[in-house]
Structures are given as structure tokens and as C-alpha cells.
Amino acid sequence: MNDTATPHVFDATAATFEDTVIRKSLETPVLVDFWATWCGPCKTLGPLLDKLAGDYNGAFVLAKVDVDQEQELAAAFQIRSVPTVMLVKDGQLVDGFPGVLPEGQLREFLKHHGIEPAALAEQAAAVETAPPLDPHAEVMRLRKAIEAEPDKSELALDLALALLQTGAAGEAEHLLDGLPANLATDDRTVKARARLGFAALLQDAPPAAVLETAIAADPADLRARHLLGVRRLVSGDAEGGLQQFIEMLQRDRGFGDGLAKKSLIDAFRVVEDEDLVGRYRRKMASLLLV
């Protein structure tokens with residue numbers, strides 16, 4: 001079980017967990033496999049997870065924790081049986097399951113959290129590099145498509161995303177609220193909800209010039225910094241928004257019940273520039289791990 005079959009599989013210990021799992025998850029999802037040498041089902045699940053780590057080729061990494069050797073970690077995660085698998089993303093535990101799942105269900109579990117094999121991710125990236133569509137034209141196209149296939153929920157999600165591009169947040173939110181359960185947790189829906197959340201914060205917010213004046217007068221005015229960061233993010237200045245959230249984190253990470261960290265994580269979901277997101281993930285990690 002300790003034999004790592006791919007470069008994306010490694011043993012995690014209490015001493016290395018913060019760096020190899022928590023910090024790593026700010027850039028790449030980490031699947032944590034709690035197992036034991038005496039566990040029969042572990043001998044079935046372990047090779048399956050190893051295989052998937054190889055197949056996905058870096059879309060996630062697999063951390064293996066021997067619960068007998070790492071009792072402190074097992075206790076921290078309240079592991080009551082093995083095997084147990086946990087998924088860590090953005091520095092947080094987001095999901096998990098006990099026992100053995102067949103390969104098909106394991107792939108569905110990963111897909112549910114937006115994790116696709118590297119080849120599919122590359123195809124999606126290629127699609128994203130295509131010339132952008134006119135959002136207003138896309139809204140009209142999707143409305144016609146829904147008229148032809150009103151029961152096709154995926155089209156409603158596509159329309160909601162297109163509406164967000166045109167600024168029609170109210171109709172987009174109504175469509176998102178009506179999505180079935182399987183689409184309500186789709187990665188694209190999560191991103192759309194994050195965009196709506198930022199837009200809602202600006203309903204009664206002062207103009208950017210007023211917020212800038214307030215910050216110039218009092219650099220520790222974190223409420224003004226937060227709203228200015230949201231304004232910049234929504235207006236298309238992604239780095240300007242992220243910089244304000246990072247400044248908040250530097251000054252007071254506990255402000256507003258962790259508002260800076262939450263805003264950064266939400267922003268990472270909506271910013272399309274992966275290099276920019278990676279750079280600010282590392283900045284956030286360095287501040288949180290001080």
C-alpha cells in the first residue's frame with residue numbers, strides 16, 4: 001500500500017500534512033485515503049485510487065495516511081473506519097465517504113467536484129481560448145433552444161450563465177434557483193452563485209471613488225477595502241480586486257469572521273485567469289501559514 005504508483009500519489013504524515021495536503025490543496029484538489037495494512041477493503045480501494053491518480057494525471061493528487069502510523073491525523077479527522085476518503089480543496093475539507101466505491105462512482109464523485117481527467121481539462125481549456133461569443137446573441141440562441149426543449153435543465157444553466165454576462169442578475173438567479181439537485185451543485189453553478197454574491201454586495205455600496213477616498217483617509221478601513229475589491233472584481237479588474245482582499249488578510253485575517261479568506265476563495269471561483277489565480281492562491285497560503 002505504501003508503494004506509490006504515480007508521481008501524483010504520496011504518503012502523508014502529521015509532520016508533512018500542512019504542506020503536502022492543506023497548502024497543496026490551494027492549487028490542486030487533494031484526495032486523502034485513510035487506510036491500514038490489516039484492512040481487507042483497503043486492498044481493493046487503494047489500487048483503484050492509485051489508478052485514477054494516474055489516469056487524471058495531476059488533476060488531483062492522492063495522499064495516503066496509514067491510520068496506525070498516523071493516529072494523530074486519524075483522530076483529527078474523526079476516522080471511525082477504514083478505508084475512508086476525504087477531499088480537500090482550497091485549504092478546506094469539502095467532502096468524503098467511507099468504504100469502497102466502484103471506479104465509476106469514484107469518477108462521478110470527482111466530477112461532482114469539478115475534477116476531470118487532464119486530457120478533458122485540456123480540451124475545455126482549448127474551448128475557452130476560442131473567440132468569445134456575444135453574450136446577448138447567446139441569450140437569444142438559448143431562449144430559442146429552451147422553447148424547443150423546455151425540459152432540458154442544462155439549457156437553463158447555460159442561459160443563466162449567459163444572462164450573468166449581460167448583467168441580468170435577477171433572471172439568472174431565478175433560473176439557478178429552479179435547477180434540479182444534480183445541477184445545483186455543478187461547478188458552473190457554484191461559480192455563478194459566487195458571481196451573484198459579489199453583485200448583490202454592490203446594491204447599496206458607495207461608488208469606487210468614495211471607497212478609495214475612505215481608504216486613503218484610513219488604510220485600516222477594511223469594510224471599504226472589501227467593497228472596493230468587489231467593485232474592481234465585478235468591473236473586470238480581477239487583480240485589483242484580489243489585491244484588496246489580500247491587503248485585508250494581511251491587516252486582520254479575522255475581520256468579519258474571515259471575510260478576506262472567504263472573498264478570496266469566492267473570487268478564485270470566478271476569475272478566469274488561471275495564472276493570476278495561482279499567484280494569489282500562493283499569496284493567500286503564505287499569509288495563512290505564517
# chains A, B, ... in the order shown; residues from 1 in each chain; ligands from 1
>>> residues_around(residues="Lys283 of chain A", least_positions_apart="6", cutoff="12 Å", atoms="only C-alpha atoms", output="ChimeraX atom specification")
/A:23,26-27,242-243,245-247,249-250,261,264,276-277,289-290
>>> closest_atom_pairs(of="segment 50-150 of chain A", to="segment 177-186 of chain A", cutoff="8 Å", atoms="only C-alpha atoms", output="Markdown table")
| residue | atom | partner | partner_atom | distance |
| --- | --- | --- | --- | --- |
| A:His112 | CA | A:Asp186 | CA | 6.5 |
| A:His113 | CA | A:Asp186 | CA | 7.5 |
| A:Gly114 | CA | A:Asp186 | CA | 7.5 |
>>> write_last_selection(atoms="C-alpha atoms", output="CSV table (one decimal), in the first residue's frame")
chain,number,residue,atom,x,y,z
A,112,HIS,CA,-19.2,16.3,-8.9
A,113,HIS,CA,-16.4,18.5,-7.5
A,114,GLY,CA,-15.2,19.7,-10.9
>>> select_by_dssp(residues="segment 46-256 of chain A", states="helix (DSSP H, G or I)", output="PyMOL selection string")
chain A and resi 46-56+71-76+103-112+118-128+135-148+153-166+169-177+181-184+187-201+208-217+222-234+238-251+255-256
>>> write_last_selection(atoms="C-alpha atoms", output="CSV table (one decimal), in the first residue's frame")
chain,number,residue,atom,x,y,z
A,46,GLY,CA,-6.1,1.6,-2.7
A,47,PRO,CA,-5.2,0.3,-6.2
A,48,LEU,CA,-8.3,1.9,-7.7
A,49,LEU,CA,-7.4,5.3,-6.3
A,50,ASP,CA,-3.8,4.8,-7.5
A,51,LYS,CA,-5.1,4.1,-11.0
A,52,LEU,CA,-7.3,7.1,-11.0
A,53,ALA,CA,-4.5,9.4,-9.8
A,54,GLY,CA,-2.5,8.1,-12.8
A,55,ASP,CA,-5.4,8.4,-15.2
A,56,TYR,CA,-6.2,12.0,-14.1
A,71,GLN,CA,-3.1,8.1,14.8
A,72,GLU,CA,-3.0,11.9,15.5
A,73,LEU,CA,-4.2,12.6,11.9
A,74,ALA,CA,-6.9,9.9,12.1
A,75,ALA,CA,-8.2,11.4,15.4
A,76,ALA,CA,-8.2,14.9,13.9
A,103,GLU,CA,-14.4,3.0,-10.3
A,104,GLY,CA,-17.5,4.5,-12.0
A,105,GLN,CA,-18.8,6.0,-8.7
A,106,LEU,CA,-15.3,7.3,-7.8
A,107,ARG,CA,-15.2,9.1,-11.2
A,108,GLU,CA,-18.6,10.6,-10.5
A,109,PHE,CA,-17.5,11.7,-7.1
A,110,LEU,CA,-14.6,13.6,-8.6
A,111,LYS,CA,-16.7,15.0,-11.5
A,112,HIS,CA,-19.2,16.3,-8.9
A,118,ALA,CA,-6.2,16.2,-17.5
A,119,ALA,CA,-7.0,15.4,-21.2
A,120,LEU,CA,-10.6,16.6,-20.7
A,121,ALA,CA,-9.4,19.7,-18.8
A,122,GLU,CA,-7.1,20.5,-21.7
A,123,GLN,CA,-10.0,20.1,-24.2
A,124,ALA,CA,-12.0,22.5,-22.0
A,125,ALA,CA,-9.1,25.0,-22.0
A,126,ALA,CA,-9.0,24.8,-25.8
A,127,VAL,CA,-12.7,25.6,-26.0
A,128,GLU,CA,-12.1,28.6,-23.6
A,135,PRO,CA,-23.5,37.3,-24.7
A,136,HIS,CA,-26.7,39.0,-25.9
A,137,ALA,CA,-26.7,36.8,-29.0
A,138,GLU,CA,-26.1,33.7,-26.9
A,139,VAL,CA,-29.0,34.6,-24.6
A,140,MET,CA,-31.3,34.8,-27.7
A,141,ARG,CA,-30.0,31.5,-29.0
A,142,LEU,CA,-30.5,29.7,-25.7
A,143,ARG,CA,-34.0,31.1,-25.3
A,144,LYS,CA,-35.0,29.5,-28.6
A,145,ALA,CA,-33.3,26.3,-27.6
A,146,ILE,CA,-35.3,26.2,-24.4
A,147,GLU,CA,-38.5,26.8,-26.3
A,148,ALA,CA,-37.7,23.7,-28.4
A,153,SER,CA,-32.3,21.6,-17.5
A,154,GLU,CA,-28.7,22.0,-18.8
A,155,LEU,CA,-30.0,24.7,-21.2
A,156,ALA,CA,-31.4,26.7,-18.2
A,157,LEU,CA,-28.0,26.6,-16.6
A,158,ASP,CA,-26.4,27.8,-19.8
A,159,LEU,CA,-28.9,30.6,-20.1
A,160,ALA,CA,-28.3,31.7,-16.5
A,161,LEU,CA,-24.6,31.9,-17.2
A,162,ALA,CA,-25.2,33.9,-20.4
A,163,LEU,CA,-27.6,36.3,-18.6
A,164,LEU,CA,-24.9,37.0,-16.0
A,165,GLN,CA,-22.6,38.1,-18.8
A,166,THR,CA,-25.2,40.7,-19.8
A,169,ALA,CA,-28.6,39.0,-12.4
A,170,GLY,CA,-32.2,38.8,-11.3
A,171,GLU,CA,-33.3,36.5,-14.1
A,172,ALA,CA,-30.1,34.5,-13.8
A,173,GLU,CA,-30.7,33.9,-10.1
A,174,HIS,CA,-34.3,32.8,-10.7
A,175,LEU,CA,-33.1,30.2,-13.2
A,176,LEU,CA,-30.4,29.0,-10.8
A,177,ASP,CA,-32.9,28.6,-8.0
A,181,ALA,CA,-30.4,18.9,-7.5
A,182,ASN,CA,-27.8,17.3,-9.8
A,183,LEU,CA,-27.1,20.7,-11.4
A,184,ALA,CA,-27.5,22.8,-8.3
A,187,ASP,CA,-19.1,23.6,-10.7
A,188,ARG,CA,-20.5,26.1,-13.1
A,189,THR,CA,-23.5,26.7,-10.8
A,190,VAL,CA,-21.2,27.3,-7.9
A,191,LYS,CA,-19.2,29.9,-9.9
A,192,ALA,CA,-22.4,31.6,-11.0
A,193,ARG,CA,-23.6,31.8,-7.4
A,194,ALA,CA,-20.3,33.3,-6.4
A,195,ARG,CA,-20.7,36.0,-9.1
A,196,LEU,CA,-24.3,36.7,-7.9
A,197,GLY,CA,-23.0,37.0,-4.4
A,198,PHE,CA,-20.5,39.6,-5.4
A,199,ALA,CA,-23.0,41.6,-7.4
A,200,ALA,CA,-25.5,41.6,-4.5
A,201,LEU,CA,-22.9,43.2,-2.3
A,208,ALA,CA,-15.4,53.3,-6.2
A,209,ALA,CA,-14.2,56.9,-5.8
A,210,VAL,CA,-15.8,57.3,-2.4
A,211,LEU,CA,-14.3,54.0,-1.3
A,212,GLU,CA,-10.9,55.0,-2.5
A,213,THR,CA,-11.2,58.3,-0.6
A,214,ALA,CA,-12.2,56.4,2.6
A,215,ILE,CA,-9.2,54.0,2.3
A,216,ALA,CA,-6.8,56.9,1.7
A,217,ALA,CA,-8.0,58.6,4.9
A,222,LEU,CA,-11.4,47.0,5.9
A,223,ARG,CA,-15.1,47.3,5.1
A,224,ALA,CA,-14.3,49.9,2.5
A,225,ARG,CA,-11.4,47.7,1.2
A,226,HIS,CA,-13.8,44.8,0.8
A,227,LEU,CA,-16.4,46.8,-1.2
A,228,LEU,CA,-13.7,48.3,-3.3
A,229,GLY,CA,-12.3,44.9,-4.0
A,230,VAL,CA,-15.7,43.6,-5.0
A,231,ARG,CA,-16.3,46.7,-7.3
A,232,ARG,CA,-13.0,46.1,-9.0
A,233,LEU,CA,-13.6,42.4,-9.4
A,234,VAL,CA,-17.1,42.9,-10.9
A,238,ALA,CA,-9.6,40.9,-11.2
A,239,GLU,CA,-6.1,41.6,-9.9
A,240,GLY,CA,-7.3,44.9,-8.4
A,241,GLY,CA,-10.0,43.1,-6.5
A,242,LEU,CA,-7.7,40.3,-5.4
A,243,GLN,CA,-5.1,42.8,-4.2
A,244,GLN,CA,-7.7,44.5,-1.9
A,245,PHE,CA,-8.7,41.1,-0.4
A,246,ILE,CA,-5.0,40.2,0.2
A,247,GLU,CA,-4.5,43.5,1.9
A,248,MET,CA,-7.4,42.8,4.2
A,249,LEU,CA,-5.9,39.4,5.0
A,250,GLN,CA,-2.6,41.0,5.8
A,251,ARG,CA,-4.1,43.5,8.2
A,255,PHE,CA,-12.1,40.6,10.3
A,256,GLY,CA,-15.8,39.9,9.5
>>> atom_distance(atom1="atom CA of Leu202 of chain A", atom2="atom CA of Gly236 of chain A")
14.3 Å
>>> select_by_dssp(residues="segment 5-161 of chain A", states="strand (DSSP E or B)", output="list in words")
Val9, Phe10, Asp11, Val30, Leu31, Val32, Asp33, Phe34, Trp35, Val61, Leu62, Ala63, Lys64, Val65, Asp66, Thr84, Val85, Met86, Leu87, Val88, Lys89, Gln92, Leu93, Val94, Asp95, Gly96, Phe97 and Pro98 of chain A
>>> write_last_selection(atoms="C-alpha atoms", output="PDB file, in the first residue's frame")
ATOM      1  CA  VAL A   9       0.499   9.666  -5.101  1.00  0.00           C
ATOM      2  CA  PHE A  10       2.377  10.137  -1.833  1.00  0.00           C
ATOM      3  CA  ASP A  11       2.340   9.196   1.857  1.00  0.00           C
ATOM      4  CA  VAL A  30      -6.117  16.526  -2.707  1.00  0.00           C
ATOM      5  CA  LEU A  31      -7.833  13.179  -2.130  1.00  0.00           C
ATOM      6  CA  VAL A  32      -6.815  11.724   1.246  1.00  0.00           C
ATOM      7  CA  ASP A  33      -7.021   7.942   1.620  1.00  0.00           C
ATOM      8  CA  PHE A  34      -7.098   6.778   5.266  1.00  0.00           C
ATOM      9  CA  TRP A  35      -6.120   3.097   5.253  1.00  0.00           C
ATOM     10  CA  VAL A  61      -3.208  14.284  -6.080  1.00  0.00           C
ATOM     11  CA  LEU A  62      -3.650  11.337  -3.733  1.00  0.00           C
ATOM     12  CA  ALA A  63      -2.351  11.460  -0.154  1.00  0.00           C
ATOM     13  CA  LYS A  64      -2.243   8.144   1.722  1.00  0.00           C
ATOM     14  CA  VAL A  65      -2.481   8.107   5.516  1.00  0.00           C
ATOM     15  CA  ASP A  66      -1.739   4.889   7.440  1.00  0.00           C
ATOM     16  CA  THR A  84     -12.249   6.447   4.493  1.00  0.00           C
ATOM     17  CA  VAL A  85     -11.591   9.009   1.771  1.00  0.00           C
ATOM     18  CA  MET A  86     -11.643  12.794   2.229  1.00  0.00           C
ATOM     19  CA  LEU A  87     -11.423  15.534  -0.420  1.00  0.00           C
ATOM     20  CA  VAL A  88      -9.567  18.742   0.470  1.00  0.00           C
ATOM     21  CA  LYS A  89      -9.916  21.816  -1.788  1.00  0.00           C
ATOM     22  CA  GLN A  92     -10.765  23.031   3.430  1.00  0.00           C
ATOM     23  CA  LEU A  93     -12.348  19.601   3.795  1.00  0.00           C
ATOM     24  CA  VAL A  94     -15.252  19.619   1.319  1.00  0.00           C
ATOM     25  CA  ASP A  95     -16.494  16.018   1.078  1.00  0.00           C
ATOM     26  CA  GLY A  96     -15.698  12.383   1.745  1.00  0.00           C
ATOM     27  CA  PHE A  97     -17.009   8.857   2.005  1.00  0.00           C
ATOM     28  CA  PRO A  98     -16.320   5.663   3.966  1.00  0.00           C
TER      29      PRO A  98
END
>>> atom_distance(atom1="atom CA of Pro41 of chain A", atom2="atom CA of Val100 of chain A")
6.6 Å
>>> closest_residue(among="A:Gly91, A:Pro83, A:Pro207, A:Gly99", to="Arg282 of chain A", atoms="only C-alpha atoms")
A:Gly91
>>> atom_distance(atom1="atom CA of Glu18 of chain A", atom2="atom CA of Ala267 of chain A")
23.1 Å
>>> closest_residue(among="A:Asp134, A:Asp266, A:Glu70, A:Asp237", to="Arg281 of chain A", atoms="only C-alpha atoms")
A:Asp266
